[in-house]
Amino acid sequence: MDLHFNSAAPDDAACSAVDALLGPPSDERGADARGRRHLLLPALHAVQERVGWISAGAVNYIGERLMVAPADIYGVATFYDLFSTKPRDPTVVHVCDDIACICAGAQAICEQLESSAVTWERSPCLGLCDRAPAALIIAAGESPSATAMAPVTASELRNAVGADLVGRNAPTTHVGGSERRLLRRVGRVDPESLDDYRAQGGYAALQRAFELGPDATIAQIAAAKLLGRGGAAFPAAQKMQAVAAAPAQPHYLVCNADESEPGTFKDRVLMEGDPFALVEAMTIAAFAAGCEHAYVYVRGEYSLAAERLEGAIAQARSAGLLGNLAIELRRGAGAYICGEETALFNSIEGKRGEPRNKPPFPAQAGLFSKPTLINNVETLANLLPILLDGGTAYAAIGTAQSTGTRLFSLSGAIARPGVYEVAHGTTLRALIGLAGGVTQGRRLQAILLGGAAGMLLGPKALDLPLTFEDARAAGATLGSGVVMLFDETVDLEAIVRRITRFFRDESCGQCVPCRVGTVRQEEALNRRDFSLLGEVGSVMRDASICGLGQTASSVVESARANLGLFAERPA
Amino acid sequence: MNAADVALTVDGIPVTVAAGASILDAIAQAEIETPTLCFLQTLTPVNACRVCVVELEGARVLVPACARRAEAGMKIRTDSERVRHSRKMVLEFLASTVDISTAPAMQRYCAQYGAQPQRYGAESAKVAQPVKIDNALYVRDYAKCILCYKCVEACGTDAQNTFAIAVAGRGFDAHISTEYDVPLPDSACVYCGNCIGVCPTGALMFSSEYELRARNEWDEAEQSQTDTICSYCGVGCTLTLHVAENEIVKVTSPIENEVTSGHLCIKGRFGFSYVQNRPEEES
Amino acid sequence: MRGVRNGAKLYVVDPRQTSTARWADGWLGLDVGSDIALANAVGREILAAGLENREFVTRATDGFEEYRLAVEPYTLEYAEKTTGVPASLIRELAVAYASAPKAELCWTLGITEHHNAVDNVRALINLALLCGHVGRYGSGLNPLRGQNNVQGGGDMGAIPNKFPGGQDAEDPASLAKFEAAWNVTLPRKSGWHLSDMFAAMERSELDTLYVIGENPAQSEADQQHANELLRGLKHLIVQDIFLTKTGELAEVVFPASAGWCESEGTVTSSERRVQRCRKALEPPGEARDDIVIMCELARRLGYEWPNYTPEQVWNECRSLSPWHAGMSYARLDELDGIPWPCYDEQHPGERFLHARLWENPVGGPRAPFAAVAHDPPVEALDDEYPLRLTTGRRLDAFNTGVQSGGYRSPMRRGERLDISPQDARSHGLREGDRARVSSRRGSVVVPIHIDNGLRPGLVFTTFHYNDEVATNLLTIDATDPQSGTAEFKACAVRVEPL
């Protein structure tokens with residue numbers, strides 16, 4: 001049980017960044033340090049933000065402070081795209097070259113940056129699809145910054161590097177829809193003001209929950225028939241009840257705000273536009289499930305959302321609105337897989353974001369192996385209207401099986417991209433109509449529904465009512481609520497290849513079907529040998545540990561089934 | 001049968017296992033062979049290789065036999081088309097990616113399941129890379145690594161608690177590494193060789209074996225194996241001495257041994273040379 | 001570590017902050033040679049807090065009152081001053097140890113290589129008795145053996161006061177049993193242990209030495225003096241697998257075979273497990289099995305001994321030692337070794353000892369407390385020799401390095417003197433500098449290694465590299481009168497940059 005550190009010494013900036021997080025070094029005991037492994041990602045973030053990369057010396061210093069072996073830290077640091085273990089410029093431009101942005105000219109931006117002095121990298125979807133093409137400029141230093149720019153040009157990016165970017169990180173996304181329940185304050189409330197939030201009805205739902213007590217709060221959610229919005233559509237009250245009843249202590253609440261599904265940006269809009277609502281909803285959920293400690297895990301690229309949430313948590317705390325609940329915000333570091341709930345737990349625990357085998361399920365053994373209630377942002381946001389209007393009234397919206405409203409992220413070939421809220425049961429055609437329809441003068445070629453893990457559908461699917469049950473019956477999924485439209489100018493095969501590259505890049509590498517399968521799938525498409533796609537897809541779907549591998553072939557298969565792409569040549 | 005015992009069926013055969021046993025245990029009870037690569041009874045199951053997957057009635061996807069606990073009433077199928085297909089594909093994926101020339105168990109499984117790794121084409125991505133020789137005791141040939149995590153577990157909390165290596169990188173680029181890929185002598189490695197003991201593919205190998213193989217002089221059929229007790233300290237580790245032509249060529253320890261669970265330290269694993277540094281041979 | 005991860009508490013008492021100490025719940029970095037002061041203070045604190053196991057003490061032990069009085073002066077204040085360990089940490093350890101449902105004390109040579117080794121051990125036994133942490137699974141006292149057959153050597157009678165199986169060499173019944181079995185007359189009195197032998201050489205009462213598998217020319221404290229005595233012997237016979245430094249002094253050398261791989265037999269591990277060694281290699285050249293050498297020697301001395309097989313010798317041992325009676329070779333093979341006592345062929349061997357103390361009434365004699373007092377190392381620090389040198393071992397090496405020097409360990413860095421950063425600074429020493437280390441007995445030159453785990457005033461080295469750095473030129477041959485162990489762990493030195 002050696003903890004061996006080689007002679008690589010940290011620089012002062014890295015040390016002070018770590019000390020600012022952990023406090024100055026003292027005679028900490030091994031037992032104390034052993035319990036602080038969960039601070040590993042925050043410590044890596046601290047060094048990355050201050051220095052721009054994480055040196056061997058910095059890893060040694062973090063290791064000594066947290067009693068974690070350097071090899072282990074290196075393994076964690078190299079898992080996350082936003083951490084660099086090689087020296088590089090303090091300012092890096094992350095250019096989104098994912099599907100929406102590729103359709104909007106991202107490739108040209110990449111080519112122009114390639115011939116410039118700018119340090120840049122390709123990035124998976126940045127959640128700015130409504131204003132594609134997008135980029136994120138991350139600048140390390142004494143006052144680090146992360147600035148989202150969209151839509152953006154290569155010359156804007158070249159000029160932005162090294163310039164003062166303060167105050168430029170305030171993207172606005174169009175919000176609309178036929179119902180405005182979750183979105184009702186977005187764009188209308190000052191997201192940095194608790195008073196404004198309260199003036200617009202904030203904290204009435206928490207008040208109601210306190211009046212009802214935990215059990216009756218859960219009963220309201222059960223009456224509302226709320227299903228999880230994260231993709232699995234599991235009854236929310238059932239999860240909450242299971243955690244509330246779990247004998248092991250403590251109970252944790254985790255809000256999954258690692259929104260990374262390509263084409264999705266609705267959680268970002270909620271967090272940026274109405275952060276107090278999420279804090280209030282988390283307080284309700286923690287109250288109902290008996291959690292004294294909550295984490296909100298925000299996607300690393302969502303700096304504005306994180307900033308606003310931090311502010312909202314701090315204001316709520318000082319206003320005494322959290323009671324004895326501790327809410328900690330943790331930031332991801334560039335890994336789609338951490339949106340998978342057990343990978344997210346590992347990430348909070350300071351480990352590589354590798355999914356765990358289930359069972360045990362989070363309600364039995366989740367974060368720190370304790371009973372954990374985990375929900376995504378949108379699911380939690382629904383607690384507010386449920387408590388304000390009552391579960392029965394909530395259940396009257398939508399269909400019998402799919403109650404309430406749903407947020408959709410609309411992008412691509414559409415007149416007014418943005419986040420739209422509609423009652424479940426609205427058809428795809430009507431939803432697209434709310435956003436002004438297909439871009440004028442264009443013909444709809446295909447729709448990506450549900451995200452990279454969702455399906456490609458042809459125009460024939462426009463009359464699909466957007467409910468869990470109708471999607472399932474059509475062999476599709478609402479997924480994370482992505483509706484991305486492709487017009488006739490788009491090379492759909494290239495879109496599918498980009499999605500297969502996404503899965504190859506984002507596979508955690510733990511299990512063979514996904515680690516190798518995503519590569520073999522991409523290779524098969526690239527060399528236009530379609531005969532193996534079915535076999536590769538089925539082992540990924542059947543034998544992968546988690547949803548990533550299990551859905552990594554969905555888009556390919558739907559493109560073949562619905563659009564006739566990648567057809568095998570007759571033998 | 002104890003009250004806590006669990007009854008289930010495997011391919012229609014009723015079996016009973018103790019509470020807490022895995023599906024793999026239940027399958028073994030039915031005397032059915034299950035291929036495993038990342039599983040070892042002394043290590044925490046990581047269920048990463050997925051070659052042991054089975055069909056569980058009512059489950060949407062296949063489940064790993066090694067990591068999933070047996071539950072009362074489970075109906076397990078080990079011979080369905082889905083199971084055979086997934087196993088074959090996992091073996092093909094691995095065999096098309098890594099060099100399995102020193103992995104006899106994998107070669108056997110590939111034959112058994114009809115894996116055809118060549119059908120992915122010569123251009124398919126591999127993990128090929130030069131062998132790492134940075135110390136006198138053992139070599140690391142990660143071109144043979146199937147990323148089963150066993151070495152990391154043995155180096156870490158499951159045995160040695162040294163944490164010299166970890167999985168680094170992500171996806172297809174995930175690989176076993178010291179911090180910043182420093183050579184072993186600069187790492188925390190204490191040369192217990194427990195990683196060698198658990199490696200299923202020969203990616204980690206005694207230098208003595210590596211050199212004999214390079215000279216084409218490695219012949220396990222000609223070697224004797226003798227269990228004895230390590231000469232160094234008071235723990236009393238059982239050593240299995242692999243001897244060829246009156247020379248120890250490798251030291252292992254039986255995995256079922258109560259004292260070692262197959263694990264040793266540097267002295268037990270490598271410290272044998274003093275009995276064969278014979279002067280007449282040096283001259 | 002698995003236990004620690006499962007929630008067991010680990011406290012490390014060691015002058016050096018070892019890597020084990022870094023993982024621990026608490027590290028008690030005591031001054032070398034203050035073990036009794038610490039143990040007695042822990043005992044006093046347990047009593048003061050009323051955490052002793054009064055029922056066990058009353059029923060199963062003797063001498064508690066004397067013990068209680070003896071530890072009375074060991075207040076936390078006194079202990080903090082004497083040991084250098086903060087009082088709060090001593091109290092924490094006392095409470096943790098006494099409150100634990102199961103607790104174990106493990107030690108190694110840090111306790112026993114002192115001039116008052118036996119007292120050190122007894123101070124620890126006292127604590128186990130005080131809390132009833134003995135005689136039950138998962139509790140107890142565990143001296144971790146540093147060699148594969150230290151336990152077995154003693155068990156087989158290779159100590160001056162015991163016959164095989166722990167039978168007293170001065171007990172008339174034992175004497176009668178062994179005399180009858182061996183058909184000889186045995187001495188009535190116990191023999192000499194190693195330190196006694198050197199003392200006897202000094203007095204010219206011992207002039208012939210037959211050394212089997214030991215290298216006293218390098219392993220003895222105050223090496224220079226030990227060598228003079230060995231050179232003064234009339235006859236020195238060495239039986240070894242190497243031509244050791246001791247062998248070079250010998251008049252006759254018997255080349256032996258390596259016990260663990262070139263011959264058959266048994267060894268006994270730290271957990272009293274008797275295990276089989278098996279022959280895997282043919283020994284080189286003229287080397288022969290130890291038994292063969294001894295039988296041949298016996299024949300030359302006029303006894304008609306055939307070449308006994310190892311199993312025959314073992315079966316004789318079983319017939320004379322009740323501890324080993326049930327351990328046939330077949331059973332040892334089948335069970336991967338058996339811990340003694342194992343009285344018959346149905347007996348599984350005992351997993352732990354002293355369960356009798358929990359019988360009511362106690363089976364056999366009660367366990368005695370022993371009032372022991374702090375007694376600092378023989379060699380005090382002074383202006384001339386201001387640093388405390390303690391010696392020990394490193395992971396990849398073994399004792400004088402005769403065996404472990406034979407393989408190419410990537411961890412081998414050669415001999416070094418570990419020194420605290422503070423002392424390195426005050427001596428103007430940097431990493432890798434060479435320094436002269438001197439004690440009252442000798443001096444060596446050794447490279448410096450700065451170790452953050454060392455407290456100021458303490459330096460550390462090993463004796464693995466005798467040919468490079470003969471550390472035992474420095475160490476003191478003050479020995480414990482009861483065990484004969486030398487105080488390898490504490491001498492006074494001075495360090496000078498070169």
# chains A, B, ... in the order shown; residues from 1 in each chain; ligands from 1
call {"tool": "select_by_dssp", "arguments": {"residues": "region 84-195 of chain B", "states": "strand (DSSP E)", "output": "list of chain:residue names"}}
result
B:Tyr138, B:Val139, B:Arg140, B:Ala166, B:Val167, B:Ala168, B:His175, B:Ile176, B:Ser177
call {"tool": "select_by_dssp", "arguments": {"residues": "region 6-252 of chain B", "states": "helix (DSSP H, G or I)", "output": "CSV table (one decimal) with N, CA, C and O atoms, in the first residue's frame"}}
result
chain,number,residue,atom,x,y,z
B,23,ILE,N,-24.7,-15.7,-10.9
B,23,ILE,CA,-25.3,-16.6,-11.9
B,23,ILE,C,-24.2,-17.5,-12.4
B,23,ILE,O,-24.5,-18.7,-12.7
B,24,LEU,N,-23.0,-17.1,-12.5
B,24,LEU,CA,-21.9,-17.9,-12.9
B,24,LEU,C,-21.8,-19.1,-12.0
B,24,LEU,O,-21.6,-20.3,-12.5
B,25,ASP,N,-21.9,-18.9,-10.7
B,25,ASP,CA,-21.9,-20.1,-9.8
B,25,ASP,C,-23.0,-21.0,-10.1
B,25,ASP,O,-22.8,-22.3,-10.1
B,26,ALA,N,-24.2,-20.5,-10.4
B,26,ALA,CA,-25.3,-21.3,-10.7
B,26,ALA,C,-25.1,-22.1,-11.9
B,26,ALA,O,-25.4,-23.3,-12.0
B,27,ILE,N,-24.5,-21.5,-12.9
B,27,ILE,CA,-24.3,-22.2,-14.2
B,27,ILE,C,-23.2,-23.3,-13.9
B,27,ILE,O,-23.4,-24.4,-14.5
B,28,ALA,N,-22.2,-23.0,-13.1
B,28,ALA,CA,-21.2,-24.1,-12.8
B,28,ALA,C,-21.9,-25.3,-12.2
B,28,ALA,O,-21.5,-26.4,-12.4
B,29,GLN,N,-22.9,-24.9,-11.3
B,29,GLN,CA,-23.6,-26.0,-10.6
B,29,GLN,C,-24.3,-26.9,-11.6
B,29,GLN,O,-24.4,-28.1,-11.4
B,81,GLU,N,-29.5,-18.3,-29.2
B,81,GLU,CA,-28.9,-17.7,-30.3
B,81,GLU,C,-28.3,-16.4,-29.9
B,81,GLU,O,-27.2,-16.0,-30.3
B,82,ARG,N,-29.1,-15.6,-29.1
B,82,ARG,CA,-28.6,-14.3,-28.7
B,82,ARG,C,-27.3,-14.4,-27.9
B,82,ARG,O,-26.4,-13.6,-28.1
B,83,VAL,N,-27.3,-15.4,-27.0
B,83,VAL,CA,-26.1,-15.5,-26.2
B,83,VAL,C,-24.9,-15.9,-27.0
B,83,VAL,O,-23.8,-15.3,-27.0
B,84,ARG,N,-25.1,-16.9,-27.9
B,84,ARG,CA,-24.0,-17.4,-28.7
B,84,ARG,C,-23.5,-16.3,-29.6
B,84,ARG,O,-22.3,-16.1,-29.8
B,85,HIS,N,-24.4,-15.5,-30.2
B,85,HIS,CA,-24.0,-14.5,-31.1
B,85,HIS,C,-23.2,-13.4,-30.3
B,85,HIS,O,-22.2,-12.9,-30.8
B,86,SER,N,-23.7,-13.0,-29.1
B,86,SER,CA,-23.0,-11.9,-28.4
B,86,SER,C,-21.6,-12.4,-28.0
B,86,SER,O,-20.6,-11.7,-28.1
B,87,ARG,N,-21.5,-13.7,-27.6
B,87,ARG,CA,-20.2,-14.2,-27.2
B,87,ARG,C,-19.2,-14.2,-28.4
B,87,ARG,O,-18.1,-13.8,-28.3
B,88,LYS,N,-19.8,-14.7,-29.5
B,88,LYS,CA,-18.9,-14.8,-30.7
B,88,LYS,C,-18.5,-13.4,-31.1
B,88,LYS,O,-17.3,-13.2,-31.4
B,89,MET,N,-19.4,-12.4,-31.0
B,89,MET,CA,-19.0,-11.1,-31.5
B,89,MET,C,-17.9,-10.5,-30.5
B,89,MET,O,-17.0,-9.8,-31.0
B,90,VAL,N,-18.1,-10.7,-29.2
B,90,VAL,CA,-17.1,-10.2,-28.3
B,90,VAL,C,-15.8,-10.8,-28.6
B,90,VAL,O,-14.8,-10.1,-28.6
B,91,LEU,N,-15.7,-12.1,-28.8
B,91,LEU,CA,-14.5,-12.7,-29.1
B,91,LEU,C,-13.9,-12.2,-30.4
B,91,LEU,O,-12.7,-12.0,-30.6
B,92,GLU,N,-14.8,-12.0,-31.4
B,92,GLU,CA,-14.3,-11.5,-32.7
B,92,GLU,C,-13.7,-10.1,-32.5
B,92,GLU,O,-12.7,-9.7,-33.1
B,93,PHE,N,-14.5,-9.2,-31.8
B,93,PHE,CA,-14.0,-7.9,-31.5
B,93,PHE,C,-12.6,-7.9,-30.9
B,93,PHE,O,-11.8,-7.1,-31.3
B,94,LEU,N,-12.4,-8.7,-29.9
B,94,LEU,CA,-11.1,-8.8,-29.2
B,94,LEU,C,-10.1,-9.3,-30.2
B,94,LEU,O,-9.0,-8.8,-30.3
B,95,ALA,N,-10.4,-10.4,-30.8
B,95,ALA,CA,-9.4,-11.1,-31.6
B,95,ALA,C,-9.0,-10.3,-32.8
B,95,ALA,O,-7.9,-10.4,-33.4
B,104,PRO,N,-4.1,-18.9,-24.7
B,104,PRO,CA,-4.7,-20.1,-25.1
B,104,PRO,C,-6.2,-20.2,-24.8
B,104,PRO,O,-6.9,-20.8,-25.7
B,105,ALA,N,-6.6,-19.7,-23.7
B,105,ALA,CA,-8.1,-19.8,-23.4
B,105,ALA,C,-8.9,-19.0,-24.5
B,105,ALA,O,-9.9,-19.5,-24.9
B,106,MET,N,-8.4,-17.8,-24.9
B,106,MET,CA,-9.1,-17.1,-25.9
B,106,MET,C,-9.1,-17.8,-27.2
B,106,MET,O,-10.1,-17.8,-27.9
B,107,GLN,N,-8.0,-18.4,-27.5
B,107,GLN,CA,-8.0,-19.2,-28.8
B,107,GLN,C,-9.0,-20.3,-28.8
B,107,GLN,O,-9.7,-20.5,-29.8
B,108,ARG,N,-9.1,-20.9,-27.6
B,108,ARG,CA,-10.1,-22.0,-27.5
B,108,ARG,C,-11.5,-21.5,-27.6
B,108,ARG,O,-12.3,-22.1,-28.4
B,109,TYR,N,-11.8,-20.4,-26.9
B,109,TYR,CA,-13.2,-19.8,-27.0
B,109,TYR,C,-13.5,-19.4,-28.5
B,109,TYR,O,-14.6,-19.6,-29.0
B,110,CYS,N,-12.5,-18.8,-29.1
B,110,CYS,CA,-12.7,-18.4,-30.5
B,110,CYS,C,-13.1,-19.6,-31.4
B,110,CYS,O,-14.1,-19.5,-32.2
B,111,ALA,N,-12.4,-20.7,-31.2
B,111,ALA,CA,-12.7,-21.8,-32.0
B,111,ALA,C,-14.1,-22.4,-31.7
B,111,ALA,O,-14.9,-22.7,-32.5
B,112,GLN,N,-14.4,-22.4,-30.4
B,112,GLN,CA,-15.7,-22.9,-29.9
B,112,GLN,C,-16.9,-22.1,-30.4
B,112,GLN,O,-17.9,-22.7,-30.7
B,113,TYR,N,-16.7,-20.8,-30.5
B,113,TYR,CA,-17.8,-20.0,-30.9
B,113,TYR,C,-17.8,-19.6,-32.4
B,113,TYR,O,-18.6,-18.8,-32.8
B,117,PRO,N,-12.4,-13.3,-36.8
B,117,PRO,CA,-11.9,-11.9,-36.6
B,117,PRO,C,-11.4,-11.3,-37.9
B,117,PRO,O,-11.5,-10.1,-38.1
B,118,GLN,N,-11.1,-12.1,-38.9
B,118,GLN,CA,-10.5,-11.6,-40.1
B,118,GLN,C,-11.6,-10.8,-40.9
B,118,GLN,O,-11.3,-10.0,-41.8
B,119,ARG,N,-12.9,-11.1,-40.6
B,119,ARG,CA,-13.9,-10.5,-41.5
B,119,ARG,C,-14.1,-9.0,-41.3
B,119,ARG,O,-14.8,-8.3,-42.0
B,120,TYR,N,-13.3,-8.4,-40.3
B,120,TYR,CA,-13.4,-6.9,-40.2
B,120,TYR,C,-12.3,-6.3,-41.1
B,120,TYR,O,-12.2,-5.0,-41.1
B,142,TYR,N,1.3,-4.5,-24.5
B,142,TYR,CA,-0.1,-4.1,-24.5
B,142,TYR,C,-0.8,-4.3,-25.9
B,142,TYR,O,-2.0,-4.1,-26.0
B,143,ALA,N,0.0,-4.8,-26.8
B,143,ALA,CA,-0.7,-5.2,-28.1
B,143,ALA,C,-1.5,-6.5,-27.8
B,143,ALA,O,-2.3,-6.8,-28.6
B,144,LYS,N,-1.2,-7.1,-26.7
B,144,LYS,CA,-2.0,-8.3,-26.3
B,144,LYS,C,-3.0,-8.0,-25.2
B,144,LYS,O,-3.6,-8.9,-24.7
B,150,LYS,N,-8.0,-6.7,-14.9
B,150,LYS,CA,-7.6,-7.5,-13.8
B,150,LYS,C,-6.3,-7.0,-13.2
B,150,LYS,O,-6.1,-7.0,-11.9
B,151,CYS,N,-5.3,-6.6,-14.0
B,151,CYS,CA,-4.1,-6.1,-13.5
B,151,CYS,C,-4.3,-4.9,-12.6
B,151,CYS,O,-3.6,-4.7,-11.6
B,152,VAL,N,-5.2,-4.0,-13.0
B,152,VAL,CA,-5.4,-2.8,-12.2
B,152,VAL,C,-6.0,-3.2,-10.9
B,152,VAL,O,-5.7,-2.6,-9.8
B,153,GLU,N,-6.9,-4.1,-10.9
B,153,GLU,CA,-7.5,-4.5,-9.6
B,153,GLU,C,-6.5,-5.2,-8.7
B,153,GLU,O,-6.5,-5.0,-7.5
B,154,ALA,N,-5.6,-6.0,-9.3
B,154,ALA,CA,-4.6,-6.7,-8.5
B,154,ALA,C,-3.6,-5.7,-8.0
B,154,ALA,O,-3.1,-5.9,-6.9
B,155,CYS,N,-3.3,-4.7,-8.7
B,155,CYS,CA,-2.3,-3.7,-8.3
B,155,CYS,C,-3.0,-2.8,-7.3
B,155,CYS,O,-2.3,-2.2,-6.4
B,171,GLY,N,-12.6,5.1,-24.2
B,171,GLY,CA,-13.1,4.4,-25.5
B,171,GLY,C,-12.1,3.4,-26.0
B,171,GLY,O,-11.4,2.8,-25.3
B,172,PHE,N,-11.9,3.4,-27.3
B,172,PHE,CA,-11.0,2.5,-27.9
B,172,PHE,C,-9.6,2.9,-27.5
B,172,PHE,O,-8.7,2.0,-27.6
B,173,ASP,N,-9.3,4.1,-27.1
B,173,ASP,CA,-8.0,4.5,-26.7
B,173,ASP,C,-7.7,4.2,-25.3
B,173,ASP,O,-6.6,4.5,-24.8
B,179,GLU,N,1.3,6.7,-14.4
B,179,GLU,CA,1.0,8.1,-14.5
B,179,GLU,C,1.9,8.6,-15.6
B,179,GLU,O,3.1,8.4,-15.7
B,180,TYR,N,1.3,9.3,-16.6
B,180,TYR,CA,2.0,9.9,-17.7
B,180,TYR,C,2.9,8.9,-18.4
B,180,TYR,O,3.9,9.2,-19.0
B,181,ASP,N,2.5,7.6,-18.3
B,181,ASP,CA,3.2,6.6,-19.0
B,181,ASP,C,4.6,6.5,-18.6
B,181,ASP,O,5.5,6.0,-19.4
B,184,LEU,N,8.2,1.8,-15.6
B,184,LEU,CA,7.9,1.2,-14.3
B,184,LEU,C,8.9,1.6,-13.2
B,184,LEU,O,8.4,1.9,-12.0
B,185,PRO,N,10.2,1.7,-13.4
B,185,PRO,CA,11.0,2.0,-12.3
B,185,PRO,C,10.8,3.4,-11.8
B,185,PRO,O,11.2,3.8,-10.7
B,186,ASP,N,10.1,4.3,-12.6
B,186,ASP,CA,9.8,5.6,-12.0
B,186,ASP,C,8.4,5.6,-11.4
B,186,ASP,O,7.9,6.7,-11.0
B,194,ASN,N,1.8,-9.5,-9.3
B,194,ASN,CA,0.4,-10.0,-9.2
B,194,ASN,C,-0.4,-9.7,-10.4
B,194,ASN,O,-1.3,-10.4,-10.7
B,195,CYS,N,0.0,-8.6,-11.1
B,195,CYS,CA,-0.6,-8.3,-12.4
B,195,CYS,C,-0.3,-9.4,-13.4
B,195,CYS,O,-1.2,-9.8,-14.2
B,196,ILE,N,0.9,-10.0,-13.4
B,196,ILE,CA,1.3,-11.1,-14.3
B,196,ILE,C,0.4,-12.3,-13.9
B,196,ILE,O,-0.1,-13.0,-14.8
B,197,GLY,N,0.3,-12.5,-12.6
B,197,GLY,CA,-0.5,-13.7,-12.2
B,197,GLY,C,-1.9,-13.7,-12.6
B,197,GLY,O,-2.5,-14.7,-12.8
B,198,VAL,N,-2.5,-12.5,-12.8
B,198,VAL,CA,-4.0,-12.5,-13.2
B,198,VAL,C,-4.2,-12.2,-14.7
B,198,VAL,O,-5.3,-12.3,-15.2
B,207,SER,N,10.1,-11.7,-17.7
B,207,SER,CA,11.2,-11.5,-18.7
B,207,SER,C,11.8,-12.9,-19.1
B,207,SER,O,12.1,-13.1,-20.3
B,208,SER,N,11.9,-13.8,-18.1
B,208,SER,CA,12.5,-15.1,-18.4
B,208,SER,C,11.6,-15.8,-19.5
B,208,SER,O,12.2,-16.4,-20.4
B,209,GLU,N,10.3,-15.7,-19.3
B,209,GLU,CA,9.4,-16.4,-20.3
B,209,GLU,C,9.5,-15.7,-21.6
B,209,GLU,O,9.6,-16.3,-22.7
B,210,TYR,N,9.5,-14.4,-21.6
B,210,TYR,CA,9.6,-13.6,-22.8
B,210,TYR,C,10.8,-13.9,-23.6
B,210,TYR,O,10.8,-14.1,-24.8
B,211,GLU,N,11.9,-14.0,-22.9
B,211,GLU,CA,13.2,-14.3,-23.6
B,211,GLU,C,13.2,-15.7,-24.2
B,211,GLU,O,13.7,-15.9,-25.3
B,212,LEU,N,12.7,-16.6,-23.4
B,212,LEU,CA,12.7,-18.0,-23.9
B,212,LEU,C,11.8,-18.1,-25.1
B,212,LEU,O,12.1,-18.8,-26.0
B,213,ARG,N,10.6,-17.4,-25.0
B,213,ARG,CA,9.7,-17.5,-26.2
B,213,ARG,C,10.4,-16.9,-27.4
B,213,ARG,O,10.3,-17.4,-28.5
B,214,ALA,N,11.1,-15.8,-27.2
B,214,ALA,CA,11.8,-15.1,-28.3
B,214,ALA,C,12.8,-16.1,-28.9
B,214,ALA,O,13.0,-16.0,-30.2
B,220,GLU,N,5.9,-25.4,-22.4
B,220,GLU,CA,5.3,-25.7,-21.1
B,220,GLU,C,5.1,-27.2,-20.9
B,220,GLU,O,5.2,-27.7,-19.7
B,221,ALA,N,5.0,-28.0,-22.0
B,221,ALA,CA,4.9,-29.4,-21.8
B,221,ALA,C,6.2,-30.0,-21.2
B,221,ALA,O,6.1,-31.1,-20.5
B,222,GLU,N,7.3,-29.4,-21.4
B,222,GLU,CA,8.6,-29.9,-20.9
B,222,GLU,C,8.9,-29.4,-19.5
B,222,GLU,O,9.9,-29.7,-18.9
call {"tool": "interface_residues", "arguments": {"of": "chain B", "to": "chain C", "cutoff": "10 Å", "atoms": "only C-alpha atoms", "output": "JSON, numbers by chain"}}
result
{"B": [134, 135, 136, 137, 157, 158, 159, 160, 161, 184, 185, 186, 188, 189, 190, 191, 192, 224, 225, 226, 227, 228, 229, 230, 231, 232, 233, 234, 235, 236, 237, 238, 239, 240, 241, 242, 243, 244, 245, 246, 247, 248, 257, 258, 259, 265, 266, 267, 268, 270, 271, 272, 273, 274, 275, 276, 277, 278, 279, 280]}
call {"tool": "residues_around", "arguments": {"residues": "Gln445 (chain A)", "least_positions_apart": "2", "cutoff": "8 Å", "atoms": "only C-alpha atoms", "output": "JSON, numbers by chain"}}
result
{"A": [443, 447, 458, 459, 485, 486, 487, 488]}
call {"tool": "closest_residue", "arguments": {"among": "B:Gln41, B:Ser187, B:Thr252, B:Thr36", "to": "Cys148 (chain B)", "atoms": "only C-alpha atoms"}}
result
B:Thr36
call {"tool": "residues_around", "arguments": {"residues": "His225 (chain C)", "least_positions_apart": "3", "cutoff": "12 Å", "atoms": "only C-alpha atoms", "output": "PyMOL selection string"}}
result
chain C and resi 198-199+201-202+216-222+228-232+441-442+472-477
call {"tool": "closest_atom_pairs", "arguments": {"of": "chain C", "to": "chain A", "cutoff": "6 Å", "atoms": "only C-alpha atoms", "output": "CSV"}}
result
residue,atom,partner,partner_atom,distance
C:Ser19,CA,A:Asp2,CA,5.4
C:Arg22,CA,A:Gly30,CA,5.2
C:Trp23,CA,A:Gly30,CA,4.2
C:Ala24,CA,A:Gly30,CA,5.3
C:Asp25,CA,A:Ala31,CA,4.7
